Each structure stands twice: as C-alpha cells, then as structure tokens.
file run_35.cif (mmCIF, C-alpha atoms)
data_work
#
loop_
_atom_site.label_atom_id
_atom_site.label_comp_id
_atom_site.auth_asym_id
_atom_site.auth_seq_id
_atom_site.Cartn_x
_atom_site.Cartn_y
_atom_site.Cartn_z
CA GLU H 1 43.74 7.03 12.44
CA LEU H 2 41.53 8.51 15.12
CA LYS H 3 42.52 7.81 18.71
CA VAL H 4 40.67 9.02 21.77
CA GLU H 5 42.27 9.44 25.17
CA GLN H 6 40.54 10.28 28.40
CA ASN H 7 42.03 11.49 31.62
CA PRO H 8 41.95 10.84 34.39
CA LEU H 9 40.96 7.18 34.16
CA PHE H 10 39.95 7.13 37.80
CA LEU H 11 38.68 9.96 39.97
CA SER H 12 37.57 9.91 43.56
CA MET H 13 36.07 13.13 44.87
CA GLN H 14 33.96 14.53 47.65
CA GLU H 15 30.39 15.64 47.27
CA GLY H 16 30.05 19.34 46.60
CA LYS H 17 33.34 19.66 44.72
CA ASN H 18 33.87 20.59 41.07
CA TYR H 19 35.97 18.61 38.65
CA THR H 20 36.67 18.17 34.93
CA ILE H 21 37.20 15.08 32.78
CA TYR H 22 39.27 15.59 29.64
CA CYS H 23 38.91 13.89 26.26
CA ASN H 24 41.65 14.39 23.68
CA TYR H 25 41.46 13.06 20.16
CA SER H 26 44.26 12.63 17.66
CA THR H 27 42.86 13.64 14.28
CA THR H 28 39.93 15.61 12.94
CA SER H 29 36.56 14.44 14.17
CA ASP H 30 33.33 16.22 13.33
CA ARG H 31 31.45 15.32 16.48
CA LEU H 32 32.05 14.16 20.01
CA TYR H 33 29.78 12.06 22.21
CA TRP H 34 29.61 11.61 25.99
CA TYR H 35 28.02 8.57 27.60
CA ARG H 36 27.49 7.34 31.13
CA GLN H 37 27.70 3.73 32.32
CA ASP H 38 26.64 2.48 35.75
CA PRO H 39 28.35 -0.70 37.05
CA GLY H 40 27.19 -3.78 35.16
CA LYS H 41 24.79 -1.73 33.09
CA SER H 42 24.51 -0.41 29.57
CA LEU H 43 25.52 3.01 28.23
CA GLU H 44 23.31 6.08 28.41
CA SER H 45 23.79 8.99 26.02
CA LEU H 46 24.54 12.30 27.73
CA PHE H 47 25.65 14.79 25.08
CA VAL H 48 26.44 15.15 21.39
CA LEU H 49 28.73 18.05 20.48
CA LEU H 50 28.61 18.97 16.81
CA SER H 51 30.72 22.07 16.30
CA ASN H 52 33.62 24.07 17.62
CA GLY H 53 32.67 25.96 20.74
CA ALA H 54 29.60 23.83 21.37
CA VAL H 55 28.52 23.74 25.00
CA LYS H 56 25.74 21.62 26.42
CA GLN H 57 24.49 21.38 30.00
CA GLU H 58 22.24 18.97 31.82
CA GLY H 59 21.90 19.44 35.55
CA ARG H 60 25.33 19.36 37.17
CA LEU H 61 27.08 18.19 33.98
CA MET H 62 28.40 20.49 31.27
CA ALA H 63 30.23 19.38 28.14
CA SER H 64 32.21 21.51 25.71
CA LEU H 65 34.12 21.00 22.49
CA ASP H 66 37.22 22.76 21.12
CA THR H 67 37.91 21.30 17.68
CA LYS H 68 41.08 23.36 17.19
CA ALA H 69 42.62 21.90 20.34
CA ARG H 70 40.99 18.51 19.64
CA LEU H 71 39.68 18.56 23.18
CA SER H 72 36.34 18.00 24.84
CA THR H 73 35.67 18.44 28.54
CA LEU H 74 32.97 17.18 30.87
CA HIS H 75 32.65 19.44 33.88
CA ILE H 76 30.92 18.35 37.06
CA THR H 77 29.59 21.08 39.32
CA ALA H 78 28.90 20.49 43.02
CA ALA H 79 29.10 16.72 42.65
CA VAL H 80 26.52 14.45 44.26
CA HIS H 81 26.77 10.72 44.95
CA ASP H 82 24.28 9.86 42.17
CA LEU H 83 26.80 11.01 39.58
CA SER H 84 29.12 8.15 40.48
CA ALA H 85 29.57 6.16 37.25
CA THR H 86 32.01 5.58 34.41
CA TYR H 87 31.97 8.29 31.76
CA PHE H 88 33.02 7.63 28.17
CA CYS H 89 33.74 9.99 25.33
CA ALA H 90 33.74 8.90 21.69
CA GLY H 91 34.77 10.64 18.50
CA ARG H 92 33.35 9.96 15.08
CA ARG H 93 35.69 8.89 12.30
CA MET H 94 35.79 11.16 9.28
CA ASP H 95 36.52 8.39 6.82
CA SER H 96 33.96 6.47 4.84
CA ASN H 97 32.39 4.46 7.64
CA TYR H 98 31.83 7.23 10.23
CA GLN H 99 32.18 4.84 13.11
CA LEU H 100 32.84 5.84 16.70
CA ILE H 101 36.19 5.47 18.44
CA TRP H 102 35.87 5.25 22.21
CA GLY H 103 38.01 6.44 25.07
CA ALA H 104 38.85 4.02 27.87
CA GLY H 105 36.42 5.66 30.27
CA THR H 106 36.77 7.65 33.49
CA LYS H 107 35.55 5.89 36.60
CA LEU H 108 34.14 8.55 38.90
CA ILE H 109 33.47 7.84 42.57
CA ILE H 110 31.81 10.57 44.60
CA LYS H 111 32.01 10.15 48.34
CA PRO H 112 29.44 11.62 50.72
CA ASP E 1 8.01 1.72 24.75
CA GLY E 2 10.68 1.87 22.09
CA GLY E 3 14.03 0.37 22.86
CA ILE E 4 16.66 -2.28 22.33
CA THR E 5 16.51 -5.71 23.90
CA GLN E 6 19.33 -8.21 24.22
CA SER E 7 19.17 -11.81 25.32
CA PRO E 8 20.28 -13.65 27.23
CA LYS E 9 21.59 -11.41 30.00
CA TYR E 10 24.17 -14.00 31.02
CA LEU E 11 25.62 -16.74 28.79
CA PHE E 12 28.11 -19.48 29.52
CA ARG E 13 30.01 -21.18 26.73
CA LYS E 14 32.10 -24.28 26.74
CA GLU E 15 35.30 -24.52 24.75
CA GLY E 16 34.60 -25.23 21.08
CA GLN E 17 30.97 -24.13 21.14
CA ASN E 18 29.34 -21.50 18.98
CA VAL E 19 26.82 -19.27 20.75
CA THR E 20 24.41 -16.66 19.41
CA LEU E 21 23.51 -13.41 21.13
CA SER E 22 20.19 -11.81 20.26
CA CYS E 23 19.58 -8.10 19.61
CA GLU E 24 16.19 -6.63 18.70
CA GLN E 25 15.15 -2.99 18.33
CA ASN E 26 11.79 -1.30 17.75
CA LEU E 27 13.15 2.21 17.26
CA ASN E 28 12.90 1.95 13.47
CA HIS E 29 16.64 2.58 13.24
CA ASP E 30 18.47 1.60 10.08
CA ALA E 31 21.90 1.10 11.64
CA MET E 32 22.81 -1.52 14.21
CA TYR E 33 26.13 -2.27 15.90
CA TRP E 34 27.84 -4.87 18.05
CA TYR E 35 30.51 -3.85 20.54
CA ARG E 36 32.70 -5.77 22.92
CA GLN E 37 33.69 -4.31 26.30
CA ASP E 38 36.47 -5.75 28.44
CA PRO E 39 36.97 -4.73 32.08
CA GLY E 40 38.39 -1.24 32.45
CA GLN E 41 38.36 -0.60 28.72
CA GLY E 42 36.33 1.28 26.18
CA LEU E 43 34.12 -0.24 23.54
CA ARG E 44 35.50 -1.96 20.47
CA LEU E 45 33.39 -2.39 17.34
CA ILE E 46 32.83 -5.96 16.13
CA TYR E 47 30.36 -5.55 13.25
CA TYR E 48 27.88 -2.97 12.05
CA SER E 49 25.03 -2.83 9.57
CA GLN E 50 23.42 0.18 7.95
CA ILE E 51 20.82 -1.65 5.91
CA VAL E 52 19.10 -5.01 5.78
CA ASN E 53 21.16 -7.80 4.19
CA ASP E 54 24.36 -5.78 4.42
CA PHE E 55 26.98 -5.53 7.15
CA GLN E 56 30.63 -4.57 7.58
CA LYS E 57 33.46 -5.72 9.79
CA GLY E 58 34.58 -3.52 12.61
CA ASP E 59 37.97 -3.48 14.30
CA ILE E 60 37.75 -6.93 15.93
CA ALA E 61 35.55 -9.07 13.67
CA GLU E 62 37.71 -12.21 13.73
CA GLY E 63 35.89 -15.11 15.40
CA TYR E 64 32.47 -13.45 15.12
CA SER E 65 29.67 -13.52 12.54
CA VAL E 66 26.41 -11.63 12.10
CA SER E 67 23.31 -11.53 9.94
CA ARG E 68 20.78 -8.80 9.16
CA GLU E 69 17.72 -10.42 7.64
CA LYS E 70 15.29 -8.00 9.26
CA LYS E 71 15.58 -4.32 10.10
CA GLU E 72 14.71 -5.03 13.73
CA SER E 73 17.18 -7.85 14.36
CA PHE E 74 20.96 -8.17 14.34
CA PRO E 75 22.14 -11.40 15.99
CA LEU E 76 25.81 -12.01 16.78
CA THR E 77 27.39 -15.47 16.74
CA VAL E 78 30.55 -16.00 18.74
CA THR E 79 32.33 -18.89 17.07
CA SER E 80 34.86 -21.32 18.44
CA ALA E 81 37.49 -19.41 16.48
CA GLN E 82 37.25 -16.51 18.95
CA LYS E 83 40.06 -17.33 21.33
CA ASN E 84 39.09 -15.14 24.25
CA PRO E 85 35.36 -14.44 24.10
CA THR E 86 34.74 -13.71 27.77
CA ALA E 87 33.46 -10.11 27.77
CA PHE E 88 30.41 -7.86 28.00
CA TYR E 89 28.67 -7.54 24.62
CA LEU E 90 26.63 -4.48 23.78
CA CYS E 91 24.27 -3.97 20.87
CA ALA E 92 23.36 -0.47 19.70
CA SER E 93 21.27 1.18 17.02
CA SER E 94 21.03 4.61 15.44
CA LEU E 95 19.53 6.59 12.63
CA VAL E 96 21.74 6.86 9.57
CA GLU E 97 20.57 10.06 7.92
CA ALA E 98 20.60 12.27 11.00
CA VAL E 99 22.60 15.33 11.97
CA ALA E 100 23.33 13.74 15.30
CA ASP E 101 23.35 9.96 14.90
CA THR E 102 23.41 9.10 18.58
CA GLN E 103 23.76 5.41 19.26
CA TYR E 104 21.29 3.88 21.71
CA PHE E 105 22.39 0.80 23.60
CA GLY E 106 20.75 -2.39 24.78
CA PRO E 107 21.27 -3.78 28.30
CA GLY E 108 24.11 -6.09 27.25
CA THR E 109 24.98 -9.78 27.41
CA ARG E 110 27.75 -11.02 29.67
CA LEU E 111 29.48 -14.02 28.09
CA THR E 112 31.73 -16.30 30.11
CA VAL E 113 33.77 -19.20 28.77
CA LEU E 114 33.88 -22.16 31.13
#

call {"tool": "encode", "arguments": {"input": "run_35.cif", "output": "structure tokens"}}
result
Amino acid sequence: ELKVEQNPLFLSMQEGKNYTIYCNYSTTSDRLYWYRQDPGKSLESLFVLLSNGAVKQEGRLMASLDTKARLSTLHITAAVHDLSATYFCAGRRMDSNYQLIWGAGTKLIIKP
Amino acid sequence: DGGITQSPKYLFRKEGQNVTLSCEQNLNHDAMYWYRQDPGQGLRLIYYSQIVNDFQKGDIAEGYSVSREKKESFPLTVTSAQKNPTAFYLCASSLVEAVADTQYFGPGTRLTVL
C-alpha cells in the first residue's frame, strides 16, 4: 500500500533563505505531483515528475524525483513572502485504479 | 474560460439531513474526483469516475453517494449516515489517457454541521 510522508509539516523561514521540503513514499510509484494551496483556497498544480532523475523548475521552486530512494524534493531558492502557502506532494498508485495518495502537506510561512 | 465550478461555497447541514454538493467542469475531462480535506491533513478520496454512468468508491466512501449522468457533472451527496461530515470538499477532474494526468481542482465547498 502506497503511503506518502512529507517533512517538515511546518516551516517558518526568512525571506531570501533557501530551504527544501521532502516527500518520501513507501512503495513504487510511477509519478509524483506537487501542488500548492493558499489558505481557504483550492489546490494549484505545480509540477508532475514522471521519471527517475526528473527535475523541473518554475521561478524560485525546483522539484526533483529519485525513484530509487523513493524521494522527491521541492527546493525553494531565495524565498519571498508570496511563496507562503501549504505545499502537498502526491504519489500515484501502481495498482489498477491509479489514484493519488496525498501527503499531509507542509505549511510554509515566509517572513519579511 | 475552461475550469471547474463548485457550489455552494459554504453549506450548513442540520443533523439527519442529506445535502448535495455540485461540481461542473468544461475542460472535456473524462475523469472526475471528490476529495475530503480536514484541517491540517492531506486529501482523502471519496469517489471517482472515469466515464459517464460509472464510478468507484475511494478510501472513505461510507456515508456519501455520487452520480455521473453527464460528462460535465459529478454531484456528491453527503447523507445522514456520514457521522462527521464537517470538512472542506474538493472536486477535481483530469484526462484519463494522458502521459501526465494532472488533476485540476475546483474552488471547494466548506460544509459545516450545525
């Protein structure tokens, strides 16, 4: 059974600093998704990682996938206040229904 | 503009009532999903549908029901059998036959039991 764990669950950081959110998953998953959620709002897709070694970047966010280690990371470079949000990762089941299993989310607060 | 709409935004339910949450999409997606989100937690799948007139239970289907009579619509009914329905409900849709079947989400419905 696929399980997805994120850490840390809460992160408070200063603007301009770098940090990484980690997403571990328990069994084989063929793709990994990252989403962003602002307070009281819906989820916005950030990245889809499809293969081992995949790296995607958008602005100050960079996501990577290591399928051998069953680990994905979301790296934040030179954080700005607008990146404050909750970030979720989700892995796709490899069984017949291919549904997503979600991590608990990382609440990121970036202070000026 | 293509997208997913959910209504109402806020919903209050009395004990013993059934309530229905609406979800409509004009993205021409085959698959639609209902998730429940509780404070500080990730999403949990309630039901999903990959084709009209067919749907499957997710991990927490008890106390919920759905229908898929049209490709664009996937309403969720929260029945009185759901013991703790207060939560944020999110509807999503995606392509089925795609290399990257990203799910796109509606704005959500916040349900509160009085």

call {"tool": "closest_atom_pairs", "arguments": {"input": "run_35.cif", "of": "chain E", "to": "chain H", "cutoff": "10 Å", "atoms": "all atoms listed in the file", "output": "Markdown table"}}
result
| residue | atom | partner | partner_atom | distance |
| --- | --- | --- | --- | --- |
| E:Tyr33 | CA | H:Gln99 | CA | 9.7 |
| E:Gln37 | CA | H:Ala104 | CA | 9.9 |
| E:Pro39 | CA | H:Ala104 | CA | 9.9 |
| E:Gly40 | CA | H:Ala104 | CA | 7.0 |
| E:Gln41 | CA | H:Ala104 | CA | 4.7 |
| E:Gly42 | CA | H:Ala104 | CA | 4.1 |
| E:Leu43 | CA | H:Trp102 | CA | 5.9 |
| E:Arg44 | CA | H:Trp102 | CA | 7.4 |
| E:Leu45 | CA | H:Leu100 | CA | 8.3 |
| E:Tyr48 | CA | H:Gln99 | CA | 9.0 |
| E:Gln50 | CA | H:Asn97 | CA | 9.9 |
| E:Gln56 | CA | H:Asn97 | CA | 9.2 |
| E:Gly58 | CA | H:Gln99 | CA | 8.7 |
| E:Phe88 | CA | H:Gly40 | CA | 8.8 |
| E:Tyr89 | CA | H:Ser42 | CA | 9.6 |
| E:Leu90 | CA | H:Ser42 | CA | 7.4 |
| E:Cys91 | CA | H:Ser42 | CA | 9.4 |
| E:Ala92 | CA | H:Leu43 | CA | 9.5 |
| E:Val99 | CA | H:Leu50 | CA | 8.5 |
| E:Ala100 | CA | H:Val48 | CA | 7.0 |
| E:Asp101 | CA | H:Val48 | CA | 8.9 |
| E:Thr102 | CA | H:Val48 | CA | 7.3 |
| E:Gln103 | CA | H:Ser45 | CA | 7.6 |
| E:Tyr104 | CA | H:Ser45 | CA | 7.1 |
| E:Phe105 | CA | H:Leu43 | CA | 6.0 |
| E:Gly106 | CA | H:Ser42 | CA | 6.4 |
| E:Pro107 | CA | H:Ser42 | CA | 4.8 |
| E:Gly108 | CA | H:Ser42 | CA | 6.1 |
| E:Thr109 | CA | H:Ser42 | CA | 9.6 |
| E:Arg110 | CA | H:Gly40 | CA | 9.1 |

call {"tool": "axis_aligned_box", "arguments": {"input": "run_35.cif", "around": "range 11-29 of chain E", "padding_each_side": "5 Å", "output": "AutoDock Vina command-line options"}}
result
--center_x 23.5 --center_y -11.3 --center_z 21.4 --size_x 33.5 --size_y 37.8 --size_z 26.3

call {"tool": "residues_around", "arguments": {"input": "run_35.cif", "residues": "Ile21 in chain H", "least_positions_apart": "2", "cutoff": "8 Å", "atoms": "only C-alpha atoms", "output": "tab-separated table (two decimals) with C-alpha atoms, in the coordinates of the input"}}
result
chain	number	residue	atom	x	y	z
H	6	GLN	CA	40.54	10.28	28.40
H	7	ASN	CA	42.03	11.49	31.62
H	8	PRO	CA	41.95	10.84	34.39
H	19	TYR	CA	35.97	18.61	38.65
H	23	CYS	CA	38.91	13.89	26.26
H	73	THR	CA	35.67	18.44	28.54
H	74	LEU	CA	32.97	17.18	30.87
H	75	HIS	CA	32.65	19.44	33.88
H	106	THR	CA	36.77	7.65	33.49

call {"tool": "atom_distance", "arguments": {"input": "run_35.cif", "atom1": "CA of Val19 in chain E", "atom2": "CA of Asn84 in chain E"}}
result
13.4 Å

call {"tool": "residues_around", "arguments": {"input": "run_35.cif", "residues": "range 65-81 of chain E", "least_positions_apart": "2", "cutoff": "10 Å", "atoms": "all atoms listed in the file", "output": "ChimeraX atom specification"}}
result
/E:4-7,13-34,46-57,61-63,83-85,89,91-93,111

call {"tool": "atom_distance", "arguments": {"input": "run_35.cif", "atom1": "CA of Tyr64 in chain E", "atom2": "CA of Phe12 in chain E"}}
result
16.2 Å

call {"tool": "atom_distance", "arguments": {"input": "run_35.cif", "atom1": "CA of Asp95 in chain H", "atom2": "CA of Asp59 in chain E"}}
result
14.1 Å

call {"tool": "residues_around", "arguments": {"input": "run_35.cif", "residues": "Thr67 in chain H", "least_positions_apart": "5", "cutoff": "9 Å", "atoms": "only C-alpha atoms", "output": "list in words"}}
result
Thr28, Ser29, Asp30, Arg31, Ser51, Asn52, Gly53 and Ser72 of chain H

call {"tool": "resolve_selection", "arguments": {"input": "run_35.cif", "expression": "the PyMOL selection byres ((chain H and resi 61) around 7)", "output": "PyMOL selection string"}}
result
chain H and resi 57-60+62-63+74-77

call {"tool": "closest_residue", "arguments": {"input": "run_35.cif", "among": "H:Thr20, H:Ala54, H:Asp66, H:Lys3", "to": "Gly91 in chain H", "atoms": "only C-alpha atoms"}}
result
H:Lys3

call {"tool": "closest_residue", "arguments": {"input": "run_35.cif", "among": "H:Pro112, H:Ser84, H:Thr27, H:Tyr98", "to": "Leu11 in chain H", "atoms": "all atoms listed in the file"}}
result
H:Ser84

call {"tool": "decode", "arguments": {"input": "run_35.cif", "residues": "range 16-36 of chain E", "atoms": "N, CA, C and O atoms", "output": "PDB file, in the first residue's frame"}}
result
ATOM      1  N   GLY E  16     -29.097  14.795  10.487  1.00  0.00           N
ATOM      2  CA  GLY E  16     -30.111  13.988   9.837  1.00  0.00           C
ATOM      3  C   GLY E  16     -30.477  14.412   8.434  1.00  0.00           C
ATOM      4  O   GLY E  16     -31.268  13.756   7.760  1.00  0.00           O
ATOM      5  N   GLN E  17     -29.888  15.490   7.950  1.00  0.00           N
ATOM      6  CA  GLN E  17     -30.189  15.963   6.603  1.00  0.00           C
ATOM      7  C   GLN E  17     -29.218  15.384   5.583  1.00  0.00           C
ATOM      8  O   GLN E  17     -28.048  15.161   5.891  1.00  0.00           O
ATOM      9  N   ASN E  18     -29.721  15.169   4.377  1.00  0.00           N
ATOM     10  CA  ASN E  18     -28.843  14.907   3.242  1.00  0.00           C
ATOM     11  C   ASN E  18     -28.609  16.233   2.524  1.00  0.00           C
ATOM     12  O   ASN E  18     -29.531  17.044   2.406  1.00  0.00           O
ATOM     13  N   VAL E  19     -27.400  16.439   2.037  1.00  0.00           N
ATOM     14  CA  VAL E  19     -27.102  17.638   1.250  1.00  0.00           C
ATOM     15  C   VAL E  19     -26.313  17.223   0.023  1.00  0.00           C
ATOM     16  O   VAL E  19     -25.576  16.237   0.044  1.00  0.00           O
ATOM     17  N   THR E  20     -26.480  17.993  -1.056  1.00  0.00           N
ATOM     18  CA  THR E  20     -25.798  17.688  -2.309  1.00  0.00           C
ATOM     19  C   THR E  20     -24.888  18.832  -2.707  1.00  0.00           C
ATOM     20  O   THR E  20     -25.307  19.992  -2.737  1.00  0.00           O
ATOM     21  N   LEU E  21     -23.647  18.487  -3.031  1.00  0.00           N
ATOM     22  CA  LEU E  21     -22.645  19.441  -3.476  1.00  0.00           C
ATOM     23  C   LEU E  21     -22.505  19.301  -4.992  1.00  0.00           C
ATOM     24  O   LEU E  21     -22.397  18.189  -5.519  1.00  0.00           O
ATOM     25  N   SER E  22     -22.480  20.444  -5.653  1.00  0.00           N
ATOM     26  CA  SER E  22     -22.419  20.439  -7.112  1.00  0.00           C
ATOM     27  C   SER E  22     -20.982  20.580  -7.607  1.00  0.00           C
ATOM     28  O   SER E  22     -20.169  21.299  -7.000  1.00  0.00           O
ATOM     29  N   CYS E  23     -20.659  19.881  -8.704  1.00  0.00           N
ATOM     30  CA  CYS E  23     -19.369  20.024  -9.376  1.00  0.00           C
ATOM     31  C   CYS E  23     -19.596  19.942 -10.883  1.00  0.00           C
ATOM     32  O   CYS E  23     -20.163  18.963 -11.381  1.00  0.00           O
ATOM     33  N   GLU E  24     -19.155  20.985 -11.591  1.00  0.00           N
ATOM     34  CA  GLU E  24     -19.296  21.036 -13.042  1.00  0.00           C
ATOM     35  C   GLU E  24     -17.955  21.407 -13.658  1.00  0.00           C
ATOM     36  O   GLU E  24     -17.255  22.272 -13.144  1.00  0.00           O
ATOM     37  N   GLN E  25     -17.610  20.750 -14.790  1.00  0.00           N
ATOM     38  CA  GLN E  25     -16.368  21.099 -15.478  1.00  0.00           C
ATOM     39  C   GLN E  25     -16.623  21.231 -16.978  1.00  0.00           C
ATOM     40  O   GLN E  25     -17.440  20.503 -17.539  1.00  0.00           O
ATOM     41  N   ASN E  26     -15.900  22.178 -17.596  1.00  0.00           N
ATOM     42  CA  ASN E  26     -15.999  22.355 -19.045  1.00  0.00           C
ATOM     43  C   ASN E  26     -14.640  22.172 -19.695  1.00  0.00           C
ATOM     44  O   ASN E  26     -14.330  22.803 -20.721  1.00  0.00           O
ATOM     45  N   LEU E  27     -13.832  21.306 -19.105  1.00  0.00           N
ATOM     46  CA  LEU E  27     -12.492  21.012 -19.618  1.00  0.00           C
ATOM     47  C   LEU E  27     -12.493  19.803 -20.548  1.00  0.00           C
ATOM     48  O   LEU E  27     -11.437  19.411 -21.047  1.00  0.00           O
ATOM     49  N   ASN E  28     -13.652  19.199 -20.734  1.00  0.00           N
ATOM     50  CA  ASN E  28     -13.788  17.991 -21.545  1.00  0.00           C
ATOM     51  C   ASN E  28     -12.969  16.827 -20.974  1.00  0.00           C
ATOM     52  O   ASN E  28     -12.452  15.981 -21.720  1.00  0.00           O
ATOM     53  N   HIS E  29     -12.835  16.812 -19.651  1.00  0.00           N
ATOM     54  CA  HIS E  29     -12.127  15.727 -18.985  1.00  0.00           C
ATOM     55  C   HIS E  29     -13.054  14.539 -18.762  1.00  0.00           C
ATOM     56  O   HIS E  29     -14.235  14.708 -18.426  1.00  0.00           O
ATOM     57  N   ASP E  30     -12.496  13.345 -18.940  1.00  0.00           N
ATOM     58  CA  ASP E  30     -13.292  12.137 -18.700  1.00  0.00           C
ATOM     59  C   ASP E  30     -13.409  11.796 -17.217  1.00  0.00           C
ATOM     60  O   ASP E  30     -14.421  11.297 -16.766  1.00  0.00           O
ATOM     61  N   ALA E  31     -12.339  12.015 -16.474  1.00  0.00           N
ATOM     62  CA  ALA E  31     -12.300  11.589 -15.074  1.00  0.00           C
ATOM     63  C   ALA E  31     -12.650  12.735 -14.134  1.00  0.00           C
ATOM     64  O   ALA E  31     -12.236  13.872 -14.345  1.00  0.00           O
ATOM     65  N   MET E  32     -13.416  12.411 -13.117  1.00  0.00           N
ATOM     66  CA  MET E  32     -13.753  13.386 -12.079  1.00  0.00           C
ATOM     67  C   MET E  32     -13.626  12.721 -10.714  1.00  0.00           C
ATOM     68  O   MET E  32     -13.783  11.502 -10.591  1.00  0.00           O
ATOM     69  N   TYR E  33     -13.331  13.544  -9.706  1.00  0.00           N
ATOM     70  CA  TYR E  33     -12.996  13.033  -8.377  1.00  0.00           C
ATOM     71  C   TYR E  33     -13.631  13.908  -7.303  1.00  0.00           C
ATOM     72  O   TYR E  33     -13.780  15.116  -7.488  1.00  0.00           O
ATOM     73  N   TRP E  34     -13.923  13.301  -6.163  1.00  0.00           N
ATOM     74  CA  TRP E  34     -14.298  14.036  -4.969  1.00  0.00           C
ATOM     75  C   TRP E  34     -13.326  13.681  -3.845  1.00  0.00           C
ATOM     76  O   TRP E  34     -13.074  12.499  -3.572  1.00  0.00           O
ATOM     77  N   TYR E  35     -12.814  14.754  -3.211  1.00  0.00           N
ATOM     78  CA  TYR E  35     -11.909  14.594  -2.086  1.00  0.00           C
ATOM     79  C   TYR E  35     -12.493  15.313  -0.857  1.00  0.00           C
ATOM     80  O   TYR E  35     -13.190  16.311  -0.976  1.00  0.00           O
ATOM     81  N   ARG E  36     -12.078  14.821   0.274  1.00  0.00           N
ATOM     82  CA  ARG E  36     -12.381  15.490   1.538  1.00  0.00           C
ATOM     83  C   ARG E  36     -11.062  15.948   2.155  1.00  0.00           C
ATOM     84  O   ARG E  36     -10.067  15.190   2.150  1.00  0.00           O
TER      85      ARG E  36
END
